[in-house]
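K.L.:
I'd like to ask some things about the structure below.
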Amino acid sequence: MWDVVRLSAVRRSVAAMPAGIVPPYLLSRIAQLDAPEFQQAAVAAQQTLVHDEPRRAARLTLSLDDEHNLVAELTDGPDRTISDAHSTETLPGRKVRAEGDDPVADVAVNEAYDGLGATFALFSEVYGRNSIDGQGLPLDGTVHYGSLYDNAFWNGSRMVFGDGDGQVFGRFTSSFTVVGHELTHGVTQYTAGLVYKDQPGALNESISDVFGSLVEQYAKNQTAATASWLIGEGLFTKTVKGVALRSMKAPGTAYDDPRLGKDPQPANFAHYVKTADDEGGVHLNSGIPNRAFYLVAHRLGGHAWKKAGQIWYDTLLSGLRPTTDFAGFAAATIAATAKRYGGSSAEVAAVRAGWSGVGVPIPEGATDGAARR
Amino acid sequence: MAQREGEATARPRARVSILVVRSGGFAGISQQWRVEAHDDAEEWLELVRACPWGAVGQDAASRDRFVWRIEAHLPRTVKKASVPDAHLVGPWRELVDRVQEAGADG
């Protein structure tokens with residue numbers, strides 16, 4: 001009856017417990033509690049165990065109600081595991097921090113852990129999405145990948161972060177926007193499945209930048225007006241003339257450096273870059289839908305994750321074809337906005353203005369969704 | 001940094017010219033290296049011949065990984081391949097490492 005003793009102690013002395021992560025074995029023990037005062041907690045734990053995958057984590061909040069009954073609330077929680085590749089290119093590497101573990105001495109490990117937590121929080125708390133697949137998929141990350149490796153990537157099942165070369169790039173874990181970007185590639189993989197080439201590839205990239213930026217804004221409680229709208233701020237070393245890798249607010253202005261050249265992102269569809277490299281310029285042309293999102297968020301004002309982010313999330317789940325192009329995506333955002341806020345709403349006007357602002361044509365009849373396929 | 005295309009010095013026409021372009025990656029910043037082989041052309045030809053030009057692996061799952069465009073301009077033909085970062089191993093890796101070393105010197 002270890003659980004009862006412990007929970008009784010909580011009831012006597014603590015009005016509300018901080019949130020924590022409940023491993024499955026503890027859920028099982030809570031589910032077996034038979035004392036009347038713990039019935040609600042037991043039922044909640046039973047439901048979690050019955051309906052969820054075996055590895056699912058949950059977040060438990062304990063509190064006392066007005067009649068001094070113990071109230072246990074189970075909500076979705078992340079299940080993070082960070083591994084260390086020790087400068088090799090072998091995945092996953094050695095496990096160094098699991099869910100609920102205390103911080104370690106390695107700052108890259110803690111940054112990855114915290115970034116994954118912040119990303120999970122945005123999708124769970126704002127959009128009601130439980131992890132990448134919506135069903136509590138564990139979040140796995142590897143740090144210290146490769147030697148002087150200038151990149152971070154998503155390999156289809158885990159996020160991988162290099163340390164940078166130390167001359168141009170520093171650690172790729174150092175910005176929430178990067179961690180959020182990579183995890184969002186997983187979300188797109190499990191939803192719209194946009195192919196990673198040409199316009200749908202640039203949309204795939206842009207969606208990762210959008211939610212990567214929103215992860216940072218949500219964690220810092222920034223508004224559309226106070227956010228930096230920068231992707232990868234702080235990744236460059238101090239020797240580079242630049243503030244970040246990309247600017248959603250002003251694509252093409254993030255850096256201008258003698259070694260790297262000038263930020264090549266276009267800000268308008270008229271300047272779409274046609275190239276065979278980079279899967280058809282997916283990291284270049286993402287600047288166009290990036291700025292469209294910024295324009296929408298700026299016009300709607302307030303916290304960008306609430307309306308603009310919700311519209312983009314709704315669109316992601318609206319049944320997009322994997323080959324959707326810019327115009328098709330623009331029409332789908334308008335249809336999603338009309339569905340949530342009404343066809344003649346100010347939100348629809350803002351979304352239309354956003355796409356017009358970057359020169360992406362919007363098909364007639366887009367408001368009712370008829371033209372989005 | 002890498003020697004830029006078009007910056008080759010006015011040496012006699014090379015028997016073998018190899019271009020490596022790395023694009024993509026989270027940053028989306030392209031970088032390229034080129035080697036012009038003269039006296040040691042045969043050594044480079046061996047590296048080129050060792051690569052599986054007609055059987056490059058694909059990587060449809062990864063996002064933000066580098067893509068390597070590799071071009072070998074040989075006396076009678078031009079070989080081209082686009083190699084995903086995940087498949088830049090074995091002879092491909094050997095060739096790219098050597099071109100990067102030579103390109104960095106040039």
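Chain identifiers are assigned as A, B, and so on, following the order in which chains appear in the structure tokens; residues are numbered from 1 within each chain, and ligands are numbered from 1 in order of appearance.
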Enumerate as a PyMOL selection string the residues belonging to chain B that approach chain A to within 12 Å, with only C-alpha atoms taken into account.

P.N.:
chain B and resi 1-4+20-32+59-70+81-89

K.L.:
Please identify all polymer residues within 7 Å of A:Gly242, counting only C-alpha atoms, omitting same-chain residues fewer than 3 positions from it, and present them as a short mmCIF file (atom, residue, chain, number, x, y, z; two decimals) with C-alpha atoms, in the first residue's frame.

P.N.:
data_model
loop_
_atom_site.label_atom_id
_atom_site.label_comp_id
_atom_site.auth_asym_id
_atom_site.auth_seq_id
_atom_site.Cartn_x
_atom_site.Cartn_y
_atom_site.Cartn_z
CA ALA A 254 18.75 37.04 -41.99
CA TYR A 255 22.43 37.21 -42.93
CA ASP A 256 24.84 38.86 -45.35
CA ASP A 257 28.29 37.47 -44.76
#

K.L.:
Could you give me, as a PyMOL selection string, each residue of stretch 4-86 of chain B that DSSP assigns to strand (DSSP E) when run on this structure's backbone?

P.N.:
chain B and resi 16-24+31-37+66-73+78-84

K.L.:
Out of B:Ala72, B:Trp33, B:Arg15, B:Lys80, which residue has the shortest atom-to-atom distance to B:Leu47 when counting only C-alpha atoms?

P.N.:
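Closest to B:Leu47 of all the choices is B:Ala72.
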
K.L.:
From a DSSP calculation on the backbone, collect every residue of stretch 7-105 of chain B in helix (DSSP H, G or I) and output the set as number ranges by chain.

P.N.:
B: 41-49, 85-87, 90-105

K.L.:
Quick one: residues within 10 Å of A:Thr223, only C-alpha atoms counted, chain neighbours fewer than 4 positions away excluded, as a ChimeraX atom specification?

P.N.:
/A:214,217-218,227-228,297-298,301-305

K.L.:
Write out as a PyMOL selection string each polymer residue whose atoms come within 12 Å of B:Arg49, counting only C-alpha atoms; drop sequence neighbours fewer than 2 positions from it.

P.N.:
chain B and resi 42-47+51-54+72+74+79+91-92+94-95

K.L.:
For the residues selected in the previous step, produce a file with N, CA and C atoms as a tab-separated table (two decimals), in the first residue's frame.

P.N.:
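The file below, again.tsv, is the result:
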chain	number	residue	atom	x	y	z
B	42	GLU	N	44.77	9.87	-63.24
B	42	GLU	CA	44.47	8.44	-63.13
B	42	GLU	C	44.03	8.07	-61.72
B	43	GLU	N	44.66	8.70	-60.74
B	43	GLU	CA	44.30	8.44	-59.34
B	43	GLU	C	42.85	8.87	-59.08
B	44	TRP	N	42.45	10.00	-59.63
B	44	TRP	CA	41.07	10.46	-59.46
B	44	TRP	C	40.09	9.58	-60.23
B	45	LEU	N	40.53	9.12	-61.41
B	45	LEU	CA	39.66	8.23	-62.19
B	45	LEU	C	39.32	6.97	-61.40
B	46	GLU	N	40.29	6.46	-60.66
B	46	GLU	CA	40.03	5.26	-59.86
B	46	GLU	C	38.98	5.53	-58.80
B	47	LEU	N	39.05	6.69	-58.18
B	47	LEU	CA	38.05	7.05	-57.17
B	47	LEU	C	36.67	7.18	-57.81
B	51	CYS	N	32.74	4.47	-57.60
B	51	CYS	CA	31.41	4.90	-57.13
B	51	CYS	C	30.29	4.24	-57.94
B	52	PRO	N	29.20	3.86	-57.28
B	52	PRO	CA	28.07	3.23	-57.99
B	52	PRO	C	27.15	4.26	-58.63
B	53	TRP	N	27.59	4.86	-59.74
B	53	TRP	CA	26.87	5.97	-60.36
B	53	TRP	C	25.46	5.58	-60.80
B	54	GLY	N	25.29	4.33	-61.17
B	54	GLY	CA	23.98	3.93	-61.68
B	54	GLY	C	23.05	3.35	-60.62
B	72	ALA	N	31.40	14.28	-62.38
B	72	ALA	CA	32.76	13.94	-62.81
B	72	ALA	C	32.85	14.16	-64.31
B	74	LEU	N	34.87	13.63	-67.32
B	74	LEU	CA	35.96	12.75	-67.74
B	74	LEU	C	36.29	13.01	-69.21
B	79	LYS	N	29.78	12.08	-65.77
B	79	LYS	CA	28.95	11.31	-64.84
B	79	LYS	C	28.35	12.26	-63.82
B	91	PRO	N	32.69	4.46	-51.21
B	91	PRO	CA	33.44	5.19	-52.25
B	91	PRO	C	32.94	6.62	-52.47
B	92	TRP	N	31.62	6.85	-52.28
B	92	TRP	CA	31.11	8.22	-52.40
B	92	TRP	C	31.78	9.12	-51.35
B	94	GLU	N	34.58	8.62	-49.80
B	94	GLU	CA	36.00	8.75	-50.09
B	94	GLU	C	36.23	9.82	-51.16
B	95	LEU	N	35.41	9.78	-52.22
B	95	LEU	CA	35.56	10.75	-53.30
B	95	LEU	C	35.30	12.17	-52.80

K.L.:
Residues at most 9 Å from A:Thr177, counting only C-alpha atoms, excluding those fewer than 5 positions away in the same chain, as an MDAnalysis selection string?

P.N.:
chainID A and resid 115 182 208:216 230:233

K.L.:
Near stretch 126-134 of chain A, within 6 Å and counting only C-alpha atoms, which residues show up once chain neighbours fewer than 2 positions away are dropped, as a ChimeraX atom specification?

P.N.:
/A:120,122-124,136-137,186-187,190

K.L.:
Go ahead and dump the residues you just picked, N, CA and C atoms, as a short mmCIF file (atom, residue, chain, number, x, y, z; two decimals), in the first residue's frame.

P.N.:
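Dumped to selection-v3.cif:
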data_model
loop_
_atom_site.label_atom_id
_atom_site.label_comp_id
_atom_site.auth_asym_id
_atom_site.auth_seq_id
_atom_site.Cartn_x
_atom_site.Cartn_y
_atom_site.Cartn_z
N PHE A 120 6.34 19.68 -27.49
CA PHE A 120 5.21 18.85 -27.07
C PHE A 120 4.13 19.72 -26.42
N LEU A 122 3.39 22.93 -26.88
CA LEU A 122 2.60 23.72 -27.85
C LEU A 122 1.53 22.85 -28.50
N PHE A 123 1.93 21.73 -29.05
CA PHE A 123 0.97 20.89 -29.77
C PHE A 123 -0.09 20.31 -28.83
N SER A 124 0.30 19.95 -27.63
CA SER A 124 -0.65 19.34 -26.69
C SER A 124 -1.58 20.37 -26.08
N GLY A 136 0.71 9.86 -28.68
CA GLY A 136 1.74 9.72 -27.65
C GLY A 136 3.04 9.09 -28.10
N LEU A 137 3.36 9.22 -29.38
CA LEU A 137 4.61 8.62 -29.87
C LEU A 137 5.80 9.15 -29.05
N GLY A 186 7.96 15.63 -38.26
CA GLY A 186 7.27 14.40 -37.88
C GLY A 186 5.76 14.56 -37.93
N VAL A 187 5.27 15.70 -37.44
CA VAL A 187 3.82 15.96 -37.46
C VAL A 187 3.32 15.98 -38.91
N TYR A 190 3.01 12.57 -40.37
CA TYR A 190 1.86 11.79 -39.92
C TYR A 190 0.51 12.42 -40.32
#

K.L.:
What is the distance between atom CA of A:Asn285 and atom CA of A:Thr315, in Å to one decimal?

P.N.:
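The value is 19.4 Å.
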